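Asker: Enclosed is the structure file model03.cif (mmCIF, C-alpha atoms).
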```cif
data_data
loop_
_atom_site.label_atom_id
_atom_site.label_comp_id
_atom_site.auth_asym_id
_atom_site.auth_seq_id
_atom_site.Cartn_x
_atom_site.Cartn_y
_atom_site.Cartn_z
CA PRO P 5 222.48 200.41 110.13
CA ASN P 6 221.90 198.20 113.15
CA GLY P 7 224.24 195.60 111.64
CA LEU P 8 227.13 198.01 112.17
CA PHE P 9 226.59 198.18 115.92
CA GLU P 10 226.13 194.42 116.16
CA PHE P 11 229.37 193.89 114.20
CA LEU P 12 231.27 196.33 116.45
CA SER P 13 229.97 194.53 119.51
CA GLU P 14 231.07 191.16 118.15
CA THR P 15 234.50 192.58 117.25
CA THR P 16 235.11 194.20 120.64
CA ARG P 17 236.49 191.78 123.25
CA HIS P 18 235.26 193.68 126.32
CA LYS P 19 231.99 195.58 126.51
CA ASN P 20 232.43 197.73 129.60
CA LEU P 21 232.89 201.20 128.11
CA ALA P 22 232.37 202.74 124.68
CA TRP P 23 233.12 206.34 123.75
CA ASP P 24 230.98 207.86 121.02
CA CYS P 25 233.15 210.82 120.10
CA ALA P 26 231.57 213.87 118.44
CA ARG P 27 228.16 212.36 118.99
CA GLY P 28 226.22 214.92 116.96
CA ASN P 29 222.58 213.88 117.12
CA GLY P 30 223.41 210.74 119.09
CA GLN P 31 222.46 208.02 116.60
CA ALA P 32 225.63 206.03 117.19
CA ALA P 33 225.42 206.27 120.99
CA ILE P 34 221.86 204.90 120.87
CA GLY P 35 222.97 202.03 118.62
CA ILE P 36 225.99 201.19 120.77
CA CYS P 37 224.33 201.40 124.18
CA ARG P 38 222.45 198.14 123.56
CA TYR P 39 225.77 196.27 123.59
CA PHE P 40 227.92 198.07 126.18
CA LYS P 41 227.55 198.53 129.93
CA LYS P 42 228.33 202.24 129.66
CA VAL P 43 228.68 204.74 126.82
CA ILE P 44 230.28 208.16 127.08
CA ALA P 45 228.78 210.32 124.34
CA SER P 46 230.78 213.50 123.91
CA ASP P 47 230.66 216.52 121.68
CA VAL P 48 232.50 219.83 121.62
CA GLY P 49 229.16 221.61 121.18
CA LYS P 50 227.14 222.05 124.35
CA SER P 51 223.98 222.51 122.29
CA GLN P 52 224.43 219.00 120.84
CA ILE P 53 224.47 217.55 124.37
CA GLU P 54 221.40 219.52 125.43
CA TYR P 55 219.30 217.59 122.90
CA SER P 56 220.16 214.07 124.01
CA PHE P 57 218.21 210.84 124.04
CA HIS P 58 218.06 209.55 127.59
CA ARG P 59 219.32 206.03 128.23
CA ASP P 60 220.38 204.74 131.64
CA ASN P 61 223.81 203.65 130.39
CA ILE P 62 224.72 206.76 128.37
CA VAL P 63 226.63 209.60 130.02
CA TYR P 64 226.84 212.84 128.03
CA ASP P 65 229.79 215.20 128.32
CA VAL P 66 231.17 218.27 126.56
CA PHE P 67 234.80 218.11 125.48
CA PRO P 68 236.81 218.12 122.24
CA ALA P 69 237.89 214.89 120.58
CA GLU P 70 241.52 215.89 121.04
CA LYS P 71 241.26 216.30 124.84
CA ALA P 72 238.95 213.66 126.24
CA ASN P 73 237.67 213.78 129.78
CA ILE P 74 238.15 210.01 130.05
CA GLN P 75 240.40 207.81 132.20
CA ASP P 76 243.54 206.25 130.70
CA ASN P 77 243.25 202.66 129.39
CA SER P 78 239.51 202.47 130.02
CA VAL P 79 237.69 202.44 126.67
CA ASP P 80 236.88 199.22 124.82
CA LEU P 81 235.32 200.84 121.72
CA ILE P 82 235.72 204.33 120.29
CA THR P 83 233.31 205.40 117.56
CA VAL P 84 233.30 208.48 115.38
CA ALA P 85 230.36 208.80 113.01
CA GLN P 86 230.72 211.42 110.28
CA ALA P 87 233.08 213.73 112.18
CA ALA P 88 236.71 212.56 112.06
CA HIS P 89 237.49 214.75 109.06
CA TRP P 90 237.03 217.82 111.30
CA PHE P 91 239.54 216.68 113.96
CA ASP P 92 243.19 217.44 114.43
CA LEU P 93 243.85 213.78 113.72
CA THR P 94 247.35 213.68 115.19
CA LYS P 95 246.08 214.90 118.57
CA PHE P 96 242.92 212.79 118.38
CA TYR P 97 244.87 209.61 117.69
CA GLN P 98 247.08 210.40 120.72
CA GLU P 99 243.91 210.52 122.82
CA VAL P 100 242.71 207.26 121.26
CA ARG P 101 245.94 205.57 122.33
CA ARG P 102 245.70 207.07 125.82
CA VAL P 103 242.10 206.10 126.61
CA SER P 104 241.99 202.81 124.68
CA ASN P 105 241.93 199.57 126.63
CA GLY P 106 245.38 198.42 125.52
CA ASN P 107 245.60 195.98 122.63
CA ASP P 108 241.93 195.06 123.03
CA GLY P 109 240.61 198.54 122.21
CA ILE P 110 238.83 199.12 118.91
CA ILE P 111 238.40 202.42 117.06
CA ALA P 112 235.74 202.62 114.38
CA ILE P 113 235.31 205.70 112.23
CA TRP P 114 232.87 206.00 109.38
CA SER P 115 231.12 208.51 107.22
CA TYR P 116 227.92 208.42 105.31
CA GLY P 117 228.30 207.72 101.62
CA MET P 118 227.12 210.20 99.06
CA HIS P 119 223.49 209.60 98.18
CA ARG P 120 222.51 207.78 95.03
CA ILE P 121 219.05 208.20 93.51
CA ASN P 122 219.22 207.36 89.82
CA PRO P 123 221.84 208.04 87.13
CA LYS P 124 220.22 211.26 85.83
CA ILE P 125 219.82 212.86 89.26
CA ASP P 126 223.20 211.55 90.42
CA MET P 127 224.87 213.32 87.48
CA ILE P 128 223.40 216.65 88.68
CA SER P 129 224.23 215.97 92.34
CA GLU P 130 227.83 215.26 91.39
CA LYS P 131 228.15 218.82 90.04
CA LEU P 132 227.05 220.21 93.41
CA THR P 133 229.21 218.11 95.70
CA VAL P 134 232.85 218.29 96.76
CA GLY P 135 235.00 218.75 93.66
CA GLY P 136 231.93 219.21 91.45
CA GLU P 137 231.99 221.82 88.69
CA ILE P 138 229.30 224.11 90.19
CA LEU P 139 229.72 224.13 94.00
CA GLY P 140 232.81 221.95 94.32
CA ASN P 141 235.16 224.73 95.40
CA TYR P 142 232.82 226.04 98.12
CA TRP P 143 232.98 222.93 100.29
CA PRO P 144 235.54 222.83 103.15
CA LYS P 145 238.64 220.93 101.99
CA GLU P 146 238.23 218.28 104.71
CA THR P 147 234.94 217.16 103.15
CA ILE P 148 236.88 215.33 100.43
CA TYR P 149 237.46 212.54 102.98
CA VAL P 150 233.68 212.03 103.11
CA LYS P 151 233.39 211.90 99.33
CA GLU P 152 236.19 209.34 99.30
CA ASP P 153 234.31 207.23 101.89
CA TYR P 154 237.11 207.86 104.43
CA LYS P 155 239.35 205.55 102.41
CA THR P 156 242.06 208.25 102.26
CA ILE P 157 241.80 209.63 105.79
CA PRO P 158 245.01 209.07 107.77
CA PHE P 159 244.51 206.00 109.98
CA PRO P 160 247.57 204.74 111.90
CA PHE P 161 245.89 201.63 113.33
CA LYS P 162 245.52 198.07 112.13
CA GLU P 163 242.52 197.87 109.85
CA ILE P 164 240.07 194.99 110.00
CA THR P 165 237.76 193.66 107.34
CA ILE P 166 234.14 194.62 107.78
CA PRO P 167 231.03 193.19 106.18
CA LYS P 168 229.24 195.22 103.54
CA LEU P 169 226.79 197.50 105.30
CA GLU P 170 224.10 199.56 103.61
CA MET P 171 221.17 201.68 104.55
CA LYS P 172 218.43 201.63 101.96
CA VAL P 173 215.25 203.65 102.08
CA ASN P 174 212.42 204.29 99.70
CA TRP P 175 211.21 207.85 99.78
CA SER P 176 208.35 209.33 97.88
CA PHE P 177 208.99 212.63 96.19
#
```
Once more with this new file: its structure as C-alpha coordinates, please.
Answerer:
Amino acid sequence: PNGLFEFLSETTRHKNLAWDCARGNGQAAIGICRYFKKVIASDVGKSQIEYSFHRDNIVYDVFPAEKANIQDNSVDLITVAQAAHWFDLTKFYQEVRRVSNGNDGIIAIWSYGMHRINPKIDMISEKLTVGGEILGNYWPKETIYVKEDYKTIPFPFKEITIPKLEMKVNWSF
(Lines of atoms letter the chains of each structure in order from A and count residues from 1; the text may use other names and numbers.)
(Lines give C-alpha, C1' and ligand atoms only; values in the text may rest on other atoms or scores of the structure.)
Protein backbone atom coordinates (compact mmCIF):
# COMPACT_ATOMS: atom_id res chain seq x y z
CA PRO A 1 0.00 0.00 0.00
CA ASN A 2 1.07 3.59 -0.60
CA GLY A 3 1.16 4.15 3.16
CA LEU A 4 4.14 1.79 3.37
CA PHE A 5 6.26 3.91 1.05
CA GLU A 6 5.22 7.10 2.80
CA PHE A 7 6.14 5.56 6.18
CA LEU A 8 9.54 4.41 4.86
CA SER A 9 10.21 7.88 3.53
CA GLU A 10 9.33 9.46 6.87
CA THR A 11 11.53 6.93 8.71
CA THR A 12 14.56 7.40 6.47
CA ARG A 13 16.72 10.39 7.45
CA HIS A 14 18.29 10.96 4.02
CA LYS A 15 16.50 10.46 0.72
CA ASN A 16 19.34 10.40 -1.79
CA LEU A 17 19.49 6.71 -2.75
CA ALA A 18 17.21 3.73 -2.27
CA TRP A 19 17.95 0.18 -3.40
CA ASP A 20 14.97 -1.97 -4.30
CA CYS A 21 16.59 -5.39 -4.15
CA ALA A 22 15.07 -8.28 -6.10
CA ARG A 23 12.63 -5.89 -7.70
CA GLY A 24 10.49 -8.51 -9.41
CA ASN A 25 7.74 -6.63 -11.23
CA GLY A 26 8.92 -3.29 -9.87
CA GLN A 27 5.98 -2.31 -7.66
CA ALA A 28 8.19 -1.26 -4.76
CA ALA A 29 10.59 0.74 -6.93
CA ILE A 30 7.65 2.70 -8.37
CA GLY A 31 6.32 3.38 -4.87
CA ILE A 32 9.70 4.44 -3.51
CA CYS A 33 10.80 6.64 -6.41
CA ARG A 34 8.30 9.34 -5.42
CA TYR A 35 10.28 9.94 -2.22
CA PHE A 36 13.93 9.41 -3.18
CA LYS A 37 16.25 11.26 -5.56
CA LYS A 38 17.46 7.99 -7.07
CA VAL A 39 16.42 4.34 -6.87
CA ILE A 40 18.53 1.39 -7.95
CA ALA A 41 16.13 -1.44 -8.79
CA SER A 42 18.01 -4.71 -9.13
CA ASP A 43 17.15 -8.29 -9.84
CA VAL A 44 19.18 -11.40 -10.55
CA GLY A 45 16.90 -12.16 -13.51
CA LYS A 46 17.65 -10.18 -16.65
CA SER A 47 14.12 -10.86 -17.92
CA GLN A 48 12.69 -9.04 -14.87
CA ILE A 49 14.71 -5.94 -15.77
CA GLU A 50 13.65 -6.06 -19.42
CA TYR A 51 10.05 -5.41 -18.38
CA SER A 52 10.59 -2.26 -16.34
CA PHE A 53 8.48 0.80 -15.75
CA HIS A 54 10.41 3.84 -16.87
CA ARG A 55 10.93 6.62 -14.34
CA ASP A 56 13.64 9.27 -14.62
CA ASN A 57 15.03 8.51 -11.16
CA ILE A 58 15.06 4.69 -11.36
CA VAL A 59 18.16 2.89 -12.61
CA TYR A 60 17.74 -0.82 -13.35
CA ASP A 61 20.59 -3.30 -12.97
CA VAL A 62 21.12 -7.06 -12.98
CA PHE A 63 22.98 -8.51 -10.00
CA PRO A 64 22.30 -10.88 -7.09
CA ALA A 65 21.25 -9.57 -3.70
CA GLU A 66 24.38 -11.06 -2.17
CA LYS A 67 26.78 -9.18 -4.49
CA ALA A 68 25.44 -5.70 -5.14
CA ASN A 69 26.89 -3.46 -7.81
CA ILE A 70 26.55 -0.49 -5.44
CA GLN A 71 29.07 1.84 -3.80
CA ASP A 72 29.98 1.37 -0.13
CA ASN A 73 28.10 3.53 2.42
CA SER A 74 25.78 5.03 -0.18
CA VAL A 75 22.27 3.66 0.33
CA ASP A 76 19.73 5.35 2.60
CA LEU A 77 16.95 2.76 2.22
CA ILE A 78 17.08 -0.88 1.16
CA THR A 79 13.80 -2.62 0.37
CA VAL A 80 13.06 -6.25 -0.34
CA ALA A 81 9.47 -7.05 -1.23
CA GLN A 82 8.52 -10.73 -1.15
CA ALA A 83 11.99 -12.10 -1.92
CA ALA A 84 14.25 -12.22 1.15
CA HIS A 85 13.34 -15.83 1.89
CA TRP A 86 15.19 -16.85 -1.30
CA PHE A 87 18.47 -15.13 -0.36
CA ASP A 88 21.58 -16.43 1.31
CA LEU A 89 20.75 -14.15 4.21
CA THR A 90 24.21 -14.18 5.78
CA LYS A 91 25.79 -12.89 2.57
CA PHE A 92 22.92 -10.50 1.86
CA TYR A 93 23.14 -8.92 5.29
CA GLN A 94 26.90 -8.43 4.74
CA GLU A 95 26.03 -6.49 1.59
CA VAL A 96 23.41 -4.50 3.48
CA ARG A 97 26.04 -3.44 6.01
CA ARG A 98 28.51 -2.59 3.23
CA VAL A 99 26.22 -0.42 1.08
CA SER A 100 24.13 1.10 3.88
CA ASN A 101 24.63 4.75 4.75
CA GLY A 102 26.11 4.10 8.19
CA ASN A 103 23.81 4.33 11.19
CA ASP A 104 21.23 6.25 9.16
CA GLY A 105 20.54 3.41 6.70
CA ILE A 106 17.22 1.58 6.87
CA ILE A 107 16.45 -1.92 5.62
CA ALA A 108 12.81 -2.87 5.13
CA ILE A 109 11.80 -6.38 4.14
CA TRP A 110 8.24 -7.57 3.82
CA SER A 111 6.13 -10.28 2.33
CA TYR A 112 2.56 -10.43 1.28
CA GLY A 113 0.25 -12.06 3.77
CA MET A 114 -1.72 -15.12 2.86
CA HIS A 115 -5.04 -14.18 1.32
CA ARG A 116 -8.23 -14.26 3.31
CA ILE A 117 -11.62 -14.52 1.61
CA ASN A 118 -14.12 -15.99 4.06
CA PRO A 119 -13.86 -18.73 6.69
CA LYS A 120 -15.14 -21.55 4.43
CA ILE A 121 -12.81 -20.76 1.53
CA ASP A 122 -9.91 -19.99 3.88
CA MET A 123 -10.24 -23.47 5.40
CA ILE A 124 -9.75 -25.02 1.93
CA SER A 125 -6.89 -22.65 1.03
CA GLU A 126 -5.10 -23.59 4.23
CA LYS A 127 -4.95 -27.21 3.04
CA LEU A 128 -3.20 -26.12 -0.15
CA THR A 129 -0.63 -23.76 1.31
CA VAL A 130 2.73 -24.28 3.01
CA GLY A 131 2.33 -26.95 5.68
CA GLY A 132 -1.22 -27.74 4.55
CA GLU A 133 -2.40 -31.35 4.46
CA ILE A 134 -2.82 -31.58 0.65
CA LEU A 135 -0.01 -29.57 -1.00
CA GLY A 136 1.93 -28.50 2.09
CA ASN A 137 4.95 -30.70 1.45
CA TYR A 138 5.37 -29.57 -2.17
CA TRP A 139 6.20 -25.96 -1.35
CA PRO A 140 9.89 -24.95 -1.08
CA LYS A 141 10.92 -24.95 2.59
CA GLU A 142 11.81 -21.24 2.50
CA THR A 143 8.17 -20.36 1.82
CA ILE A 144 7.36 -20.97 5.48
CA TYR A 145 8.81 -17.51 6.20
CA VAL A 146 6.07 -16.02 3.99
CA LYS A 147 3.34 -17.97 5.77
CA GLU A 148 4.75 -16.74 9.07
CA ASP A 149 4.62 -13.12 7.79
CA TYR A 150 8.45 -12.94 7.95
CA LYS A 151 8.20 -12.87 11.75
CA THR A 152 10.66 -15.78 12.00
CA ILE A 153 13.11 -14.82 9.27
CA PRO A 154 16.59 -14.12 10.67
CA PHE A 155 16.98 -10.34 11.01
CA PRO A 156 20.16 -9.09 12.75
CA PHE A 157 19.19 -5.40 12.75
CA LYS A 158 17.31 -3.19 15.18
CA GLU A 159 13.61 -3.52 14.51
CA ILE A 160 11.30 -0.52 14.52
CA THR A 161 7.59 -0.37 15.14
CA ILE A 162 5.50 0.10 12.04
CA PRO A 163 1.89 1.15 11.66
CA LYS A 164 -0.67 -1.45 10.66
CA LEU A 165 -0.75 -1.59 6.88
CA GLU A 166 -3.32 -3.43 4.80
CA MET A 167 -4.32 -3.78 1.21
CA LYS A 168 -8.00 -4.47 0.78
CA VAL A 169 -9.74 -5.13 -2.50
CA ASN A 170 -13.20 -6.21 -3.49
CA TRP A 171 -13.20 -8.63 -6.38
CA SER A 172 -16.16 -10.09 -8.12
CA PHE A 173 -16.06 -13.79 -8.77
Asker: Return as a ChimeraX atom specification the set of residues that the PyMOL selection byres ((chain P and resi 86-90) around 6) yields on the displayed structure.
Answerer: /P:85,91,114-115,146
Asker: Quick one: pull the distance between CA of Phe96 in chain P and CA of Val150 in chain P, Å, one decimal.
Answerer: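 Distance reported for this atom pair: 17.9 Å.
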Asker: Hey, could you make a per-residue contact list for range 56-160 of chain P against range 18-29 of chain P with 9 Å as the cut-off, showing the nearest pair of atoms and its distance in Å to one decimal, counting all atoms listed in the file, sorted by chain and number, as CSV?
Answerer:
```
residue,atom,partner,partner_atom,distance
P:Ser56,CA,P:Asn29,CA,7.3
P:Phe57,CA,P:Asn29,CA,8.7
P:Phe67,CA,P:Ala26,CA,8.8
P:Pro68,CA,P:Ala26,CA,7.7
P:Ala69,CA,P:Cys25,CA,6.3
P:Ala72,CA,P:Cys25,CA,8.9
P:Ile74,CA,P:Trp23,CA,8.9
P:Ser78,CA,P:Leu21,CA,7.0
P:Val79,CA,P:Leu21,CA,5.2
P:Asp80,CA,P:Leu21,CA,5.5
P:Leu81,CA,P:Ala22,CA,4.6
P:Ile82,CA,P:Trp23,CA,4.8
P:Thr83,CA,P:Asp24,CA,4.8
P:Val84,CA,P:Cys25,CA,5.3
P:Ala85,CA,P:Arg27,CA,7.3
P:Gln86,CA,P:Ala26,CA,8.6
P:Ala87,CA,P:Ala26,CA,6.4
P:Ala88,CA,P:Ala26,CA,8.3
P:Asn105,CA,P:His18,CA,8.9
P:Asp108,CA,P:His18,CA,7.6
P:Gly109,CA,P:His18,CA,8.3
```
Asker: Could you tell me which residues the PyMOL selection byres ((chain P and resi 63) around 12) returns for this structure, as a ChimeraX atom specification?
Answerer: /P:21-25,27,30,33-34,37,41-47,53,56-62,64-66,73-74
Asker: To test your reading of the syntax: which residues would the PyMOL selection byres ((chain P and resi 167-170) around 9) return for the file shown? Reply as a CSV table (one decimal) with C-alpha atoms, in the frame of the given file.
Answerer:
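Contents of out-v5.csv, freshly written:
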```csv
chain,number,residue,atom,x,y,z
P,5,PRO,CA,222.5,200.4,110.1
P,7,GLY,CA,224.2,195.6,111.6
P,8,LEU,CA,227.1,198.0,112.2
P,11,PHE,CA,229.4,193.9,114.2
P,165,THR,CA,237.8,193.7,107.3
P,166,ILE,CA,234.1,194.6,107.8
P,171,MET,CA,221.2,201.7,104.6
P,172,LYS,CA,218.4,201.6,102.0
```
Asker: Leaving out Met127 in chain P and any residue of its chain fewer than 5 positions from it, which residues lie within 12 Å of it when counting only C-alpha atoms, given as an mmCIF file with C-alpha atoms, keeping the file's coordinate frame?
Answerer:
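Heads up, here's the output in result.cif:
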```cif
data_model
loop_
_atom_site.group_PDB
_atom_site.id
_atom_site.type_symbol
_atom_site.label_atom_id
_atom_site.label_comp_id
_atom_site.auth_asym_id
_atom_site.auth_seq_id
_atom_site.Cartn_x
_atom_site.Cartn_y
_atom_site.Cartn_z
ATOM 1 C CA HIS P 119 223.490 209.600 98.180
ATOM 2 C CA ARG P 120 222.510 207.780 95.030
ATOM 3 C CA ILE P 121 219.050 208.200 93.510
ATOM 4 C CA ASN P 122 219.220 207.360 89.820
ATOM 5 C CA LEU P 132 227.050 220.210 93.410
ATOM 6 C CA THR P 133 229.210 218.110 95.700
ATOM 7 C CA GLY P 136 231.930 219.210 91.450
ATOM 8 C CA GLU P 137 231.990 221.820 88.690
ATOM 9 C CA ILE P 138 229.300 224.110 90.190
#
```
Asker: If I take CA of Gln52 in chain P and CA of Val103 in chain P, how far is one from the other in Å, to one decimal?
Answerer: 22.6 Å
Asker: Interatomic distance between CA of Glu152 in chain P and CA of Arg102 in chain P?
Answerer: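 These atoms are spaced 28.3 Å apart.
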Asker: Need to verify the contact set: Glu163 in chain P, 10 Å, all atoms listed in the file, exclusion of same-chain residues closer than 4 positions in sequence. Can you return it as a ChimeraX atom specification?
Answerer: /P:110-112,159
Asker: With distances taken over all atoms listed in the file, which of P:Ile125, P:Val173, P:Val134, P:Ile113 is nearest to Phe161 in chain P?
Answerer: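 Ranked by minimum distance to Phe161 in chain P, first place goes to P:Ile113.
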Asker: Which one is closest to Gly106 in chain P: P:Pro144, P:Leu139, P:Tyr55, P:Arg17? Count all atoms listed in the file.
Answerer: P:Arg17
